[in-house]
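Trainee: Here you go, one structure.
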Amino acid sequence: MKILNIQRMSTEDGPGLRTTVFFKGCPLKCAWCHNPESICPLLQKEWFQIRCIGCHICIANCPNSALSIAEKRIITDSSKCALCLKCVDGCPTGAMQQLGKSISADELYSEVIKDKAYFNGEGGVTLSGGEVMAQTTEAVIMCQKLKAKGISIAIDTSGFTQYGNFRAILPYIDLILYDLKIDSALEHQRLCGVDNTIIKNNLIELSKESVEIWIRTPIIPQATDSIENIKAIATFLENNAIRFNRWELCAFNNLCVDKYSRLEQSWQYKNVPLIPKQVMEKLLAAAQAIISQPQKVSFTGLTRLEEEQK
Amino acid sequence: MDNIVKMKEPKNLSPRIKWLRDFYFEGAKRAWNNEYSCYTDGKPWDFLFDELTYYIVPETIPFYQTYTSSSLQSAEKIDMPEQFWKLSLKERRATFIKEAIVNHVPTEIIPNDLLCGARFNMLSSHCLTEAEAKDRNRLVCGKNGSRKQEVDYYYYGFGNDGATSGHLIPDYQKIIDSGFEKVYTDLKSRYQSMSPAEQKSSHGEQIRAMMIACTMPKDLAMKYATKCEEEAQKTQNQLRKAELLLMKANLEVVPWHKAETFYQAIQSLWMTHMLVMTDENYPGPGVSFGRLDQYLYPYYAKSKSEGMTDEQAKEILGCFWFHCNTAYDAQIRVGNNGITAGFGQLFNISGCDAEGKDLTNDLTYVLLDVIDDLSPILEPKPNVRLHKNTPDKLMNRVVDMIASSQGAPFLLNFDERSIAGMMREAKAGNCDDRIHSANVADYASVGCLENTMVGNDRSGTVDDNLYLYKAVELALNNGKDLTPKKNDLTGKKLPIKQHGPKTGELTDLDTFAKFYEAVKRQTAFIIKKSVEIYELSERVRAKYGNTIYLSTLVNGCMEKALDVTEGGAQLSFVTIEGVTYATTVDSILAIKYLVYDKKEYTLNEIKTALISNWEGFEIMQAKVKNRAPKYGRNDDEADAIAKDYMEFFATETWKYKTKSTNRQFRPGMLSWNYWASAGFILPASPDGRKQGQFFSNAICPSNGADIFGPTANTNSVGFALGGKAENGDFHDYCNCLPNGASHTITFNSSLLRNPDHLDKFKAFLKGYIENGGTALQINILDPKMLKDAQDHPDEYKHLLVRVTGYNAYFVTVGRELQNEIIARESHQQY
């Protein structure tokens with residue numbers, strides 16, 4: 001399995017306290033992605049300027065001379081970099097850091113079981129990403145072991161996978177956090193890189209099962225934040241009688257801005273401010289007007305501070 | 001969402017309690033205060049200030065002479081009759097202190113107050129004869145006296161130790177339930193059962209002195225009763241008149257007789273308690289109350305059934321809170337209201353019984369209300385005992401209070417792990433007749449969080465503070481100091497010395513096992529040395545620093561006819577508090593990783609880097625900091641070494657007893673503020689720490705090392721203490737530190753932002769009960785607020801933070817420690 005990291009005592013990935021495993025590799029390419037380092041299925045590296053002491057061991061270690069210094073930054077010529085990660089091995093400070101690691105289902109199990117005492121029935125393990133459903137076979141092996149210990153398991157998925165994969169993992173999981181970002185197939189293709197028909201169909205199928213479902217819609221300025229989009233998603237949910245326990249509108253946040261610069265990538269949302277609370281309230285009202293059980297809809301996340309709005 | 005954390009404000013206070021609280025915070029401007037009253041017997045060799053008790057506060061070393069002369073200068077002379085000098089020293093001391101507090105310290109009643117017993121801080125004559133004074137002077141100030149040895153020991157970086165006051169839970173329940181008259185009667189029959197020879201011995205002296213001390217509270221209560229009567233006559237306010245007459249009526253009953261009402265129980269408790277501070281000449285250092293909600297409950301229930309309302313109970317308790325804080329007045333003119341953060345009148349609430357059943361009662365919640373309403377305030381310090389069967393109602397109240405205060409306004413103690421430690425003590429300390437499964441759940445905490453039994457236990461919980469890292473330093477130089485040290489007092493350099501055994505030249509330590517063995521042998525050496533140094537003050541106190549009144553409240557003293565300072569308590573321990581634990585473990589781990597596993601450097605290269613304070617060795621330093629394994633990450637291999645070293649420390653500690661008083665040494669981990677100051681004395685460490693940077697605190701992972709968050713941190717702490725095993729010390733819990741260990745975690749305020757998240761925090765606490773340590777302090781801090789407090793200290797006078805087992809007002813701690821607290825705020829930043 002390729003995972004990015006394990007986040008313990010997570011409070012934002014389902015009920016209770018959770019250990020969240022971020023899988024590496026995602027079939028979607030959402031322009032606003034908050035975990036850009038999880039998209040590529042290969043092991044990568046990133047560079048933290050603040051940790052760098054300027055020893056340049058990384059440059060010396062690179063067999064392909066892919067690294068160089070420009071304005072006190074270590075930059076990578078991606079045409080030369082073979083992702084051999086020898087730069088990471090040599091770095092004394094952890095400024096040059098590996099993104100992702102290979103781990104067996106057993107190893108991963110023995111890590112996530114360490115916090116069993118804090119799960120207290122309600123909490124548990126969340127498999128997030130990247131996209132866990134892209135590595136279903138191995139994920140299922142671990143889920144079986146966790147299930148045997150009575151650990152509650154959630155998956156956080158884009159839904160973009162063959163339904164057979166869901167069928168394989170369903171016996172072990174208690175909750176699905178399911179992303180519905182954009183209703184329009186065309187827009188979805190344009191902004192996330194894939195058609196959303198399979199995502200919607202999978203949700204319709206999952207809704208017929210007994211697993212608990214939480215729908216999540218990231219509210220991204222000029223991408224998903226139109227009233228029309230929210231109304232359309234709400235209508236889709238209503239018309240197909242999708243069974244869900246929660247639908248969260250998750251306000252855009254910019255906490256990942258540094259991730260892009262560490263990956264030497266640009267991010268079109270770099271200077272986009274947080275969404276004002278009133279906007280979130282309006283979207284929430286639009287959704288609640290359509291959904292037959294409006295109390296299940298809520299919004300979460302940071303909104304713009306009052307003084308910043310003035 | 002509200003991103004700004006507001007400062008906790010007191011609330012729901014009655015006008016009386018609001019007035020008392022505001023009055024307290026007027027500090028030095030107050031017309032009344034509880035500054036030390038000083039009394040001398042007038043002999044030219046007399047002295048009042050006793051430095052022994054301050055050896056563990058090494059910052060005070062330069063001021064011993066000043067304290068000694070200034071206290072004497074301001075002292076009132078009490079003329080004692082000629083026959084006084086024919087009494088034994090024990091009786092002289094008991095008589096003098098009684099005379100001073102009853103007939104010389106002003107008897108005053110604070111406006112609006114419902115409790116009597118205002119001034120109690122006192123420095124009193126030691127009542128020595130010339131010969132005794134000479135002998136004591138030799139033992140303290142002589143060439144091989146305690147002072148010189150202590151000072152050297154401290155500046156060489158071993159730590160500090162000294163026979164210190166307080167840090168025990170007197171048997172207050174006995175006094176509330178039966179009054180001092182019972183103690184007096186028991187003492188009388190004990191004396192009568194002695195043979196004439198015994199009566200003439202120091203044992204007889206002890207019992208006679210205790211009988212004198214026993215009548216002190218009675219006589220003082222009468223003085224206050226008279227004062228209440230006078231004030232009642234004077235006042236035109238009919239309501240106040242009635243109050244004063246009720247106070248008088250109470251004092252005619254308690255503390256001599258048993259209490260009949262809740263009000264009397266609190267009056268009895270307060271007067272009995274404050275006189276301990278009088279007797280010890282030291283205000284409140286860890287003189288703790290035990291399980292307040294348990295032994296006061298019968299009185300609370302009775303008074304409630306007789307018509308007392310909770311509001312009335314809270315007013316009485318509010319007055320009690322006020323008085324506890326006045327302990328700090330002792331040195332009020334030193335600035336900052338005299339608060340030194342070194343006190344700690346602790347009490348426990350809730351907790352389980354022998355069967356694991358929860359003992360929370362209505363009074364538990366009343367006490368929590370009082371804490372919540374009055375906070376922020378420093379004393380008395382609450383400690384809530386949690387366990388597997390803690391009811392949800394209490395858990396919710398605890399989490400709500402943590403969320404609404406800036407950090408928990410109490411410490412949390414964890415019963416299963418704590419009890420496991422006490423059961424270990426029963427075995428290792430050969431005292432399973434005193435500590436066993438039927439009574440171990442009655443344990444309680446003193447000072448900061450140190451677990452002891454109640455009413456019969458002095459465990460010297462702050463008396464021996466050992467810097468474990470000294471052992472690594474010695475191992476890296478074949479038993480010698482790695483760097484020269486300095487005596488700050490004289491400015492003189494201390495030469496490099498062969499302190500420890502020769503554990504091998506570095507080139508001979510060619511395997512990790514050999515290196516680790518060298519560290520262990522040096523650890524055994526520094527433990528032995530600390531025991532020897534401690535003896536120097538223990539023997540002086542036993543001879544010349546008896547606390548007779550306190551001994552009447554500690555079971556064992558009467559049976560053995562020994563003072564509590566002579567090892568009279570049924571359970572008599574001295575705790576070696578291991579300081580710098582995580583830095584020491586991380587140093588061992590770093591050397592294992594770089595020298596033996598990766599073979600990137602030699603031991604000699606590490607040694608050179610440390611002597612150079614890492615300057616010029618930045619790459620090596622970066623590697624140990626960032627690549628070497630660390631304790632606190634729930635990393636099985638690293639934590640296995642942490643646990644092994646912990647066990648070694650504990651096992652070595654159990655080998656010793658004091659010579660003069662036969663007190664057994666026991667292990668603990670509390671660092672008070674030493675982890676900061678030790679950083680300046682001891683050299684750089686192999687974990688990447690430079691000299692001048694702080695060490696790790698108590699059992700906490702090194703600052704910033706816990707990069708996997710609070711659960712991984714907690715799992716490491718619980719594992720290092722012993723973890724769990726099939727046949728544990730208590731069920732499956734193991735714990736090799738009976739004293740317990742201070743564990744602080746700072747959480748971001750966003751973790752408690754809504755009810756959903758409060759439930760998640762509860763889940764964390766439930767997990768802590770399973771996997772964690774003995775005690776937890778929770779800080780909830782907002783760095784923005786703290787930075788603002790640095791810039792505007794006047795606006796944040798009341799901002800409390802909790803550092804290593806004690807509370808402190810943030811603006812009163814040094815800038816470096818302030819920065820440290822801010823750095824800790826963002827939990828996962830390294």
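Please note that chains go A, B, ... in the order of the structure tokens, that every chain numbers its residues from 1, and that ligands are numbered from 1 in the order shown.
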May I have all residues of stretch 407-584 of chain B that DSSP, computed from the backbone, assigns to strand (DSSP E or B), given as a PDB file with N, CA and C atoms, in the first residue's frame?
Mentor:
ATOM      1  N   LEU B 411      -6.162  19.948  38.325  1.00  0.00           N
ATOM      2  CA  LEU B 411      -5.369  18.849  37.792  1.00  0.00           C
ATOM      3  C   LEU B 411      -6.269  17.635  37.685  1.00  0.00           C
ATOM      4  N   LEU B 412      -5.883  16.716  36.850  1.00  0.00           N
ATOM      5  CA  LEU B 412      -6.605  15.465  36.782  1.00  0.00           C
ATOM      6  C   LEU B 412      -5.686  14.361  37.277  1.00  0.00           C
ATOM      7  N   ASN B 413      -6.223  13.527  38.147  1.00  0.00           N
ATOM      8  CA  ASN B 413      -5.467  12.375  38.603  1.00  0.00           C
ATOM      9  C   ASN B 413      -6.154  11.130  38.079  1.00  0.00           C
ATOM     10  N   PHE B 414      -5.395  10.140  37.763  1.00  0.00           N
ATOM     11  CA  PHE B 414      -5.972   8.946  37.159  1.00  0.00           C
ATOM     12  C   PHE B 414      -5.791   7.776  38.115  1.00  0.00           C
ATOM     13  N   ALA B 444      -4.341  10.004  48.196  1.00  0.00           N
ATOM     14  CA  ALA B 444      -4.654  11.353  47.694  1.00  0.00           C
ATOM     15  C   ALA B 444      -3.346  12.017  47.290  1.00  0.00           C
ATOM     16  N   SER B 445      -3.455  13.214  46.728  1.00  0.00           N
ATOM     17  CA  SER B 445      -2.259  13.848  46.176  1.00  0.00           C
ATOM     18  C   SER B 445      -1.854  15.052  47.016  1.00  0.00           C
ATOM     19  N   VAL B 446      -0.563  15.300  47.054  1.00  0.00           N
ATOM     20  CA  VAL B 446      -0.057  16.475  47.767  1.00  0.00           C
ATOM     21  C   VAL B 446       0.698  17.375  46.791  1.00  0.00           C
ATOM     22  N   GLU B 450       1.661  14.669  43.695  1.00  0.00           N
ATOM     23  CA  GLU B 450       2.381  13.541  44.238  1.00  0.00           C
ATOM     24  C   GLU B 450       1.441  12.683  45.082  1.00  0.00           C
ATOM     25  N   ASN B 451       1.352  11.402  44.734  1.00  0.00           N
ATOM     26  CA  ASN B 451       0.426  10.525  45.422  1.00  0.00           C
ATOM     27  C   ASN B 451       1.018  10.006  46.719  1.00  0.00           C
ATOM     28  N   THR B 452       0.216  10.056  47.772  1.00  0.00           N
ATOM     29  CA  THR B 452       0.613   9.531  49.076  1.00  0.00           C
ATOM     30  C   THR B 452      -0.634   8.952  49.726  1.00  0.00           C
ATOM     31  N   ASP B 457       1.313   9.685  56.342  1.00  0.00           N
ATOM     32  CA  ASP B 457       2.316   9.495  55.294  1.00  0.00           C
ATOM     33  C   ASP B 457       3.065  10.796  55.060  1.00  0.00           C
ATOM     34  N   ARG B 458       4.380  10.789  55.292  1.00  0.00           N
ATOM     35  CA  ARG B 458       5.184  11.888  54.754  1.00  0.00           C
ATOM     36  C   ARG B 458       6.172  11.273  53.780  1.00  0.00           C
ATOM     37  N   ASP B 464      14.185  15.620  47.124  1.00  0.00           N
ATOM     38  CA  ASP B 464      15.385  15.120  46.454  1.00  0.00           C
ATOM     39  C   ASP B 464      15.149  15.174  44.946  1.00  0.00           C
ATOM     40  N   ASN B 465      15.701  16.197  44.318  1.00  0.00           N
ATOM     41  CA  ASN B 465      15.451  16.429  42.897  1.00  0.00           C
ATOM     42  C   ASN B 465      16.725  16.169  42.111  1.00  0.00           C
ATOM     43  N   LEU B 466      16.708  15.082  41.381  1.00  0.00           N
ATOM     44  CA  LEU B 466      17.936  14.577  40.775  1.00  0.00           C
ATOM     45  C   LEU B 466      17.914  14.791  39.264  1.00  0.00           C
ATOM     46  N   TYR B 467      18.979  15.417  38.755  1.00  0.00           N
ATOM     47  CA  TYR B 467      19.058  15.656  37.311  1.00  0.00           C
ATOM     48  C   TYR B 467      19.687  14.427  36.642  1.00  0.00           C
ATOM     49  N   LYS B 480      33.926  11.787  34.946  1.00  0.00           N
ATOM     50  CA  LYS B 480      34.257  13.195  35.239  1.00  0.00           C
ATOM     51  C   LYS B 480      33.228  14.120  34.575  1.00  0.00           C
ATOM     52  N   LYS B 485      32.195  23.665  35.607  1.00  0.00           N
ATOM     53  CA  LYS B 485      30.986  24.330  36.077  1.00  0.00           C
ATOM     54  C   LYS B 485      31.376  25.581  36.869  1.00  0.00           C
ATOM     55  N   LYS B 486      30.372  26.345  37.225  1.00  0.00           N
ATOM     56  CA  LYS B 486      30.642  27.605  37.914  1.00  0.00           C
ATOM     57  C   LYS B 486      29.735  27.757  39.117  1.00  0.00           C
ATOM     58  N   LYS B 493      35.088  29.296  39.241  1.00  0.00           N
ATOM     59  CA  LYS B 493      34.958  28.092  38.412  1.00  0.00           C
ATOM     60  C   LYS B 493      35.121  26.869  39.286  1.00  0.00           C
ATOM     61  N   LEU B 494      34.331  25.865  39.038  1.00  0.00           N
ATOM     62  CA  LEU B 494      34.482  24.608  39.758  1.00  0.00           C
ATOM     63  C   LEU B 494      35.294  23.675  38.857  1.00  0.00           C
ATOM     64  N   GLN B 498      36.537  14.043  39.176  1.00  0.00           N
ATOM     65  CA  GLN B 498      36.152  12.639  39.011  1.00  0.00           C
ATOM     66  C   GLN B 498      35.077  12.341  40.055  1.00  0.00           C
ATOM     67  N   LEU B 571       4.031   5.938  57.434  1.00  0.00           N
ATOM     68  CA  LEU B 571       4.656   5.788  56.114  1.00  0.00           C
ATOM     69  C   LEU B 571       5.637   6.939  55.947  1.00  0.00           C
ATOM     70  N   SER B 572       6.904   6.614  56.010  1.00  0.00           N
ATOM     71  CA  SER B 572       7.941   7.646  55.949  1.00  0.00           C
ATOM     72  C   SER B 572       8.838   7.392  54.747  1.00  0.00           C
ATOM     73  N   PHE B 573       8.676   8.228  53.754  1.00  0.00           N
ATOM     74  CA  PHE B 573       9.484   8.088  52.541  1.00  0.00           C
ATOM     75  C   PHE B 573      10.176   9.406  52.218  1.00  0.00           C
ATOM     76  N   VAL B 574      11.198   9.315  51.394  1.00  0.00           N
ATOM     77  CA  VAL B 574      11.740  10.491  50.723  1.00  0.00           C
ATOM     78  C   VAL B 574      11.669  10.162  49.235  1.00  0.00           C
ATOM     79  N   THR B 575      11.117  11.070  48.455  1.00  0.00           N
ATOM     80  CA  THR B 575      10.953  10.781  47.032  1.00  0.00           C
ATOM     81  C   THR B 575      12.109  11.369  46.238  1.00  0.00           C
ATOM     82  N   ILE B 576      12.748  10.539  45.441  1.00  0.00           N
ATOM     83  CA  ILE B 576      13.712  11.078  44.483  1.00  0.00           C
ATOM     84  C   ILE B 576      12.930  11.394  43.217  1.00  0.00           C
ATOM     85  N   GLU B 577      12.839  12.678  42.924  1.00  0.00           N
ATOM     86  CA  GLU B 577      12.128  13.091  41.718  1.00  0.00           C
ATOM     87  C   GLU B 577      13.151  13.155  40.582  1.00  0.00           C
ATOM     88  N   GLY B 578      13.000  12.260  39.629  1.00  0.00           N
ATOM     89  CA  GLY B 578      13.895  12.269  38.475  1.00  0.00           C
ATOM     90  C   GLY B 578      13.561  13.449  37.573  1.00  0.00           C
ATOM     91  N   VAL B 579      14.543  14.304  37.332  1.00  0.00           N
ATOM     92  CA  VAL B 579      14.350  15.476  36.480  1.00  0.00           C
ATOM     93  C   VAL B 579      15.154  15.239  35.194  1.00  0.00           C
TER      94      VAL B 579
END
Trainee: Please find the residues of chain A near chain B - the criterion being any atom within 6 Å, counting only C-alpha atoms - and write them as a list in words.
Mentor: Gly16, Leu17, Pro92, Thr93, Ala117 and Tyr118 of chain A
Trainee: Dump C-alpha atoms for the selected residues as a CSV table (one decimal), in the first residue's frame?
Mentor:
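After the write, selection-v1.csv holds the following:
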chain,number,residue,atom,x,y,z
A,16,GLY,CA,-15.3,10.5,18.0
A,17,LEU,CA,-11.5,10.5,17.9
A,92,PRO,CA,20.1,16.0,8.2
A,93,THR,CA,17.2,18.3,9.1
A,117,ALA,CA,-8.3,3.1,23.8
A,118,TYR,CA,-9.3,6.5,22.6
Trainee: In terms of the shortest atom-to-atom distance over only C-alpha atoms, which of A:Asn271, A:Gln288, A:Thr20, A:Ser261 is closest to A:Ile230?
Mentor: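 That would be A:Gln288, the residue with the smallest distance to A:Ile230.
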Trainee: I'd like the contact shell of A:Trp47 - 6 Å cut-off, only C-alpha atoms, skipping same-chain residues fewer than 6 positions apart - returned as a list in words.
Mentor: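 Here the answer would be Ala95, Met96 and Arg262 of chain A.
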Trainee: Stretch 77-88 of chain B: which residues within 7 Å, counting only C-alpha atoms, same-chain residues fewer than 5 positions away excluded, as a PyMOL selection string?
Mentor: chain B and resi 39-42+205
Trainee: Save the residues we just selected, N, CA and C atoms, as a PDB file, in the first residue's frame?
Mentor:
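Wrote it out as part-v5.pdb, contents follow:
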ATOM      1  N   TYR B  39       9.359  36.293  65.581  1.00  0.00           N
ATOM      2  CA  TYR B  39       9.520  36.269  67.043  1.00  0.00           C
ATOM      3  C   TYR B  39      10.824  35.588  67.443  1.00  0.00           C
ATOM      4  N   THR B  40      11.549  36.236  68.357  1.00  0.00           N
ATOM      5  CA  THR B  40      12.804  35.651  68.837  1.00  0.00           C
ATOM      6  C   THR B  40      12.733  35.451  70.340  1.00  0.00           C
ATOM      7  N   ASP B  41      13.539  34.494  70.808  1.00  0.00           N
ATOM      8  CA  ASP B  41      13.630  34.311  72.255  1.00  0.00           C
ATOM      9  C   ASP B  41      14.646  35.281  72.862  1.00  0.00           C
ATOM     10  N   GLY B  42      15.276  36.046  71.991  1.00  0.00           N
ATOM     11  CA  GLY B  42      16.166  37.103  72.457  1.00  0.00           C
ATOM     12  C   GLY B  42      17.602  36.667  72.725  1.00  0.00           C
ATOM     13  N   GLU B 205       9.767  13.307  75.877  1.00  0.00           N
ATOM     14  CA  GLU B 205       9.780  14.739  75.528  1.00  0.00           C
ATOM     15  C   GLU B 205       8.834  15.011  74.365  1.00  0.00           C
TER      16      GLU B 205
END
Trainee: Mind giving me the straight-line distance from atom CA of B:Thr583 to atom CA of B:Gly504 in Å, one decimal?
Mentor: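 It comes out at 22.3 Å.
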Trainee: Within 10 Å of A:Pro218, counting only C-alpha atoms, which residues show up once you throw out same-chain ones fewer than 6 positions away? Write them as a PyMOL selection string, please.
Mentor: chain A and resi 32-33+179-182+224-225+248-253+299-301
Trainee: Next, the residues of the selection above should be written as a compact mmCIF listing (two decimals), in the first residue's frame with N, CA and C atoms.
Mentor:
# COMPACT_ATOMS: atom_id res chain seq x y z
N TRP A 32 -8.64 22.76 -6.69
CA TRP A 32 -8.46 23.34 -5.35
C TRP A 32 -7.86 22.37 -4.35
N CYS A 33 -7.49 21.19 -4.79
CA CYS A 33 -7.14 20.09 -3.89
C CYS A 33 -6.33 20.57 -2.67
N ASP A 179 -17.90 12.40 -1.11
CA ASP A 179 -17.81 13.73 -1.70
C ASP A 179 -18.75 13.88 -2.88
N LEU A 180 -19.58 14.91 -2.83
CA LEU A 180 -20.31 15.34 -4.03
C LEU A 180 -19.93 16.79 -4.24
N LYS A 181 -19.08 17.01 -5.23
CA LYS A 181 -18.52 18.35 -5.35
C LYS A 181 -19.33 19.23 -6.30
N ILE A 182 -19.58 18.66 -7.48
CA ILE A 182 -20.23 19.43 -8.53
C ILE A 182 -21.30 18.55 -9.17
N THR A 224 -17.51 25.60 -6.84
CA THR A 224 -18.65 24.82 -6.34
C THR A 224 -19.60 25.69 -5.53
N ASP A 225 -19.29 26.97 -5.43
CA ASP A 225 -20.01 27.80 -4.46
C ASP A 225 -21.24 28.51 -5.02
N GLU A 248 -22.64 17.87 4.78
CA GLU A 248 -21.86 19.01 5.25
C GLU A 248 -21.36 19.84 4.08
N LEU A 249 -21.58 21.14 4.17
CA LEU A 249 -20.97 22.06 3.21
C LEU A 249 -19.68 22.54 3.87
N CYS A 250 -18.54 22.17 3.30
CA CYS A 250 -17.26 22.44 3.96
C CYS A 250 -16.64 23.69 3.34
N ALA A 251 -16.55 24.73 4.14
CA ALA A 251 -16.03 26.00 3.63
C ALA A 251 -14.57 25.87 3.20
N PHE A 252 -14.26 26.46 2.09
CA PHE A 252 -12.89 26.51 1.56
C PHE A 252 -11.92 27.03 2.61
N ASN A 253 -10.76 26.41 2.72
CA ASN A 253 -9.72 27.02 3.55
C ASN A 253 -8.41 27.03 2.79
N PHE A 299 -23.12 23.54 7.76
CA PHE A 299 -21.84 23.92 7.16
C PHE A 299 -20.74 23.90 8.21
N THR A 300 -19.53 23.65 7.77
CA THR A 300 -18.41 23.53 8.70
C THR A 300 -17.21 24.31 8.14
N GLY A 301 -16.24 24.49 8.96
CA GLY A 301 -14.99 25.09 8.50
C GLY A 301 -14.84 26.54 8.89
Trainee: Find the distance between atom CA of A:Asp174 and atom CA of A:Ile151 and write it in Å to one decimal.
Mentor: 9.5 Å
Trainee: Please provide as a list in words all residues within 9 Å of A:Ile242, with the sequence filter that same-chain residues fewer than 3 positions apart are discarded (counting only C-alpha atoms).
Mentor: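 My reading of the contact set: Leu203, Ile204, Leu206, Ser207, Lys208, Phe236, Leu237, Glu238 and Asn239 of chain A.
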Trainee: Print the selection's residues with C-alpha atoms to a file, as an mmCIF file, in the first residue's frame.
Mentor:
data_model
loop_
_atom_site.group_PDB
_atom_site.id
_atom_site.type_symbol
_atom_site.label_atom_id
_atom_site.label_comp_id
_atom_site.auth_asym_id
_atom_site.auth_seq_id
_atom_site.Cartn_x
_atom_site.Cartn_y
_atom_site.Cartn_z
ATOM 1 C CA LEU A 203 -23.960 6.813 -4.425
ATOM 2 C CA ILE A 204 -27.359 5.668 -5.606
ATOM 3 C CA LEU A 206 -24.583 2.685 -1.759
ATOM 4 C CA SER A 207 -27.751 4.332 -0.582
ATOM 5 C CA LYS A 208 -29.499 0.987 -0.945
ATOM 6 C CA PHE A 236 -30.084 14.955 -7.085
ATOM 7 C CA LEU A 237 -30.121 13.710 -3.494
ATOM 8 C CA GLU A 238 -33.871 14.265 -3.161
ATOM 9 C CA ASN A 239 -34.884 12.849 -6.537
#
Trainee: Just checking: using only C-alpha atoms, which residue out of B:Phe347, B:Arg539, B:Ile681, B:Ala775 ends up closest to B:Gly145?
Mentor: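 The closest residue to B:Gly145 is B:Arg539.
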Trainee: Applying 7 Å and only C-alpha atoms, which residues near A:Ala185 remain after dropping the ones on its own chain fewer than 6 positions away? List them as a count of residues only.
Mentor: 3
Trainee: Which residue is closest to A:Ala139? Choose from A:Cys52, A:Phe23, A:Ile59, A:Ser65 and count only C-alpha atoms.
Mentor: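 Nearest to A:Ala139: A:Phe23.
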Trainee: State, in Å with one decimal place, the distance from atom CA of A:Leu43 to atom CA of A:Gly100.
Mentor: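 Result for atom CA of A:Leu43 versus atom CA of A:Gly100: 5.2 Å, one decimal.
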Trainee: B:Ser37, B:Asn754, B:Gln570, B:Gln236: which is nearest B:Leu553, counting only C-alpha atoms?
Mentor: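 Among the listed residues, B:Gln570 lies closest to B:Leu553.
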Trainee: Write out as a PyMOL selection string the set of residues from stretch 49-200 of chain A that DSSP, computed on the backbone, places in helix (DSSP H, G or I).
Mentor: chain A and resi 49-51+57-61+86-90+105-119+132-148+163-172+185-192+197-200
Trainee: Given the choices B:Cys116, B:Leu363, B:Leu220, B:Val370, which gets closest to B:Lys248 if the distance is worked out from only C-alpha atoms?
Mentor: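 Among the listed residues, B:Cys116 lies closest to B:Lys248.
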Trainee: Pick the closest to A:Met142 from A:Lys86, A:Ala66, A:Gln162, A:Ile169: which is it, counting only C-alpha atoms?
Mentor: A:Ile169
